[in-house]
Amino acid sequence: MAKTAETKTAAAKAAVAKAARGTRTVAETEKIRVALTERRDELKAEHDQTLVEIAELQQHRLTDSAGDDQADTGTKTFEREQEITLANNILERVNQVERALERLDEGGYGWCEKCGNAIPVERLAAFPSATLCVTCKQLEERR
Ligand SMILES: [Zn+2]
């Protein structure tokens, strides 16, 4: 008997969580979209800038390589690899934001994966790849 009641409560809670989805207003969704779009443009500009810098540095290295010994060449290769890693990281973040924008259109973005509550717009703007609300995130980190 008690067990049935418990199950019902859980089911009711799930239903509430489900019903809570889609309650975000159009204005809020727009706010998220604007924040995500701005973030994507920022990151894209950063990525472009990094690529330009890599090209410039590489050019500089090539013209400056006369008299390099093996250690110099090794350092330059290492530097170049680090720059490329940095550029790839930025690109990965661009992709994350673009996936978020796609999911926003589908209505599957901005809801906590754990409790189903809406993740605050401010949090999404700061962390476009956030999939948990602040409460659930804190619980997760405490574990
Ligand atoms: Zn949550």
# chains A, B, ... in the order shown; residues from 1 in each chain; ligands from 1
$ residues_around --residues "segment 81-83 of chain A" --least-positions-apart "6" --cutoff "9 Å" --atoms "only C-alpha atoms" --output "PyMOL selection string"
chain A and resi 50-51+53-54
$ select_by_dssp --residues "chain A" --states "alpha helix (DSSP H)" --output "number ranges by chain"
A: 2-20, 26-63, 70-106, 121-126, 134-142
$ closest_atom_pairs --of "chain A" --to "ligand 1" --cutoff "10 Å" --atoms "only C-alpha atoms and all ligand atoms" --output "Markdown table"
| residue | atom | partner | partner_atom_place_in_ligand_line | distance |
| --- | --- | --- | --- | --- |
| A:Trp111 | CA | ligand 1 | 1 (Zn) | 7.9 |
| A:Cys112 | CA | ligand 1 | 1 (Zn) | 4.6 |
| A:Glu113 | CA | ligand 1 | 1 (Zn) | 6.6 |
| A:Lys114 | CA | ligand 1 | 1 (Zn) | 5.0 |
| A:Cys115 | CA | ligand 1 | 1 (Zn) | 4.1 |
| A:Gly116 | CA | ligand 1 | 1 (Zn) | 6.0 |
| A:Asn117 | CA | ligand 1 | 1 (Zn) | 5.7 |
| A:Ala118 | CA | ligand 1 | 1 (Zn) | 7.9 |
| A:Ile119 | CA | ligand 1 | 1 (Zn) | 7.5 |
| A:Thr131 | CA | ligand 1 | 1 (Zn) | 8.6 |
| A:Leu132 | CA | ligand 1 | 1 (Zn) | 5.3 |
| A:Cys133 | CA | ligand 1 | 1 (Zn) | 4.2 |
| A:Val134 | CA | ligand 1 | 1 (Zn) | 6.8 |
| A:Thr135 | CA | ligand 1 | 1 (Zn) | 5.8 |
| A:Cys136 | CA | ligand 1 | 1 (Zn) | 4.4 |
| A:Lys137 | CA | ligand 1 | 1 (Zn) | 7.2 |
| A:Gln138 | CA | ligand 1 | 1 (Zn) | 9.5 |
| A:Leu139 | CA | ligand 1 | 1 (Zn) | 9.2 |
$ closest_residue --among "A:Gln49, A:Thr77, A:Ser129, A:Gln58" --to "Leu101 of chain A" --atoms "only C-alpha atoms"
A:Ser129
$ closest_residue --among "A:His60, A:Arg142, A:Arg103, A:Arg93" --to "Leu43 of chain A" --atoms "only C-alpha atoms"
A:Arg93
$ atom_distance --atom1 "atom CA of Ile84 of chain A" --atom2 "atom CA of Asp48 of chain A"
12.0 Å
$ decode --residues "segment 22-89 of chain A" --atoms "C-alpha atoms" --output "tab-separated table (two decimals), in the first residue's frame"
chain	number	residue	atom	x	y	z
A	22	GLY	CA	8.18	24.06	-22.43
A	23	THR	CA	7.01	26.59	-19.89
A	24	ARG	CA	9.80	28.94	-20.78
A	25	THR	CA	8.42	32.07	-22.34
A	26	VAL	CA	9.22	33.08	-25.90
A	27	ALA	CA	11.10	36.09	-24.50
A	28	GLU	CA	13.28	33.83	-22.36
A	29	THR	CA	14.01	31.52	-25.27
A	30	GLU	CA	14.94	34.55	-27.35
A	31	LYS	CA	17.24	35.75	-24.57
A	32	ILE	CA	19.01	32.39	-24.59
A	33	ARG	CA	19.25	32.44	-28.36
A	34	VAL	CA	20.79	35.92	-28.35
A	35	ALA	CA	23.26	34.92	-25.61
A	36	LEU	CA	24.26	31.75	-27.46
A	37	THR	CA	24.57	33.52	-30.79
A	38	GLU	CA	26.76	36.21	-29.25
A	39	ARG	CA	28.93	33.59	-27.60
A	40	ARG	CA	29.28	31.69	-30.87
A	41	ASP	CA	30.29	34.84	-32.76
A	42	GLU	CA	32.84	35.69	-30.06
A	43	LEU	CA	34.32	32.22	-30.17
A	44	LYS	CA	34.39	32.22	-33.97
A	45	ALA	CA	36.24	35.54	-33.97
A	46	GLU	CA	38.65	34.11	-31.38
A	47	HIS	CA	39.19	31.04	-33.54
A	48	ASP	CA	39.83	33.11	-36.67
A	49	GLN	CA	42.25	35.28	-34.72
A	50	THR	CA	44.08	32.22	-33.43
A	51	LEU	CA	44.42	30.82	-36.94
A	52	VAL	CA	45.84	34.13	-38.15
A	53	GLU	CA	48.31	34.13	-35.27
A	54	ILE	CA	49.36	30.55	-35.99
A	55	ALA	CA	49.97	31.43	-39.63
A	56	GLU	CA	51.96	34.52	-38.67
A	57	LEU	CA	54.03	32.68	-36.09
A	58	GLN	CA	54.68	29.86	-38.51
A	59	GLN	CA	55.77	32.36	-41.14
A	60	HIS	CA	58.06	33.96	-38.61
A	61	ARG	CA	59.51	30.60	-37.62
A	62	LEU	CA	60.20	29.65	-41.23
A	63	THR	CA	62.00	32.90	-42.00
A	64	ASP	CA	63.82	32.74	-38.68
A	65	SER	CA	64.95	29.14	-38.85
A	66	ALA	CA	68.43	29.72	-40.24
A	67	GLY	CA	70.95	28.41	-37.74
A	68	ASP	CA	68.37	26.49	-35.74
A	69	ASP	CA	69.69	23.46	-33.98
A	70	GLN	CA	67.59	20.41	-33.24
A	71	ALA	CA	66.41	21.77	-29.87
A	72	ASP	CA	65.12	24.95	-31.52
A	73	THR	CA	63.25	22.93	-34.09
A	74	GLY	CA	61.75	20.79	-31.33
A	75	THR	CA	60.60	23.82	-29.38
A	76	LYS	CA	59.02	25.32	-32.47
A	77	THR	CA	57.18	22.12	-33.26
A	78	PHE	CA	55.92	21.96	-29.68
A	79	GLU	CA	54.75	25.58	-29.78
A	80	ARG	CA	52.97	25.00	-33.04
A	81	GLU	CA	51.22	21.92	-31.69
A	82	GLN	CA	50.06	23.87	-28.65
A	83	GLU	CA	48.65	26.61	-30.83
A	84	ILE	CA	46.79	24.11	-32.96
A	85	THR	CA	45.40	22.44	-29.83
A	86	LEU	CA	44.22	25.85	-28.61
A	87	ALA	CA	42.54	26.56	-31.95
A	88	ASN	CA	40.86	23.15	-31.89
A	89	ASN	CA	39.59	23.74	-28.36
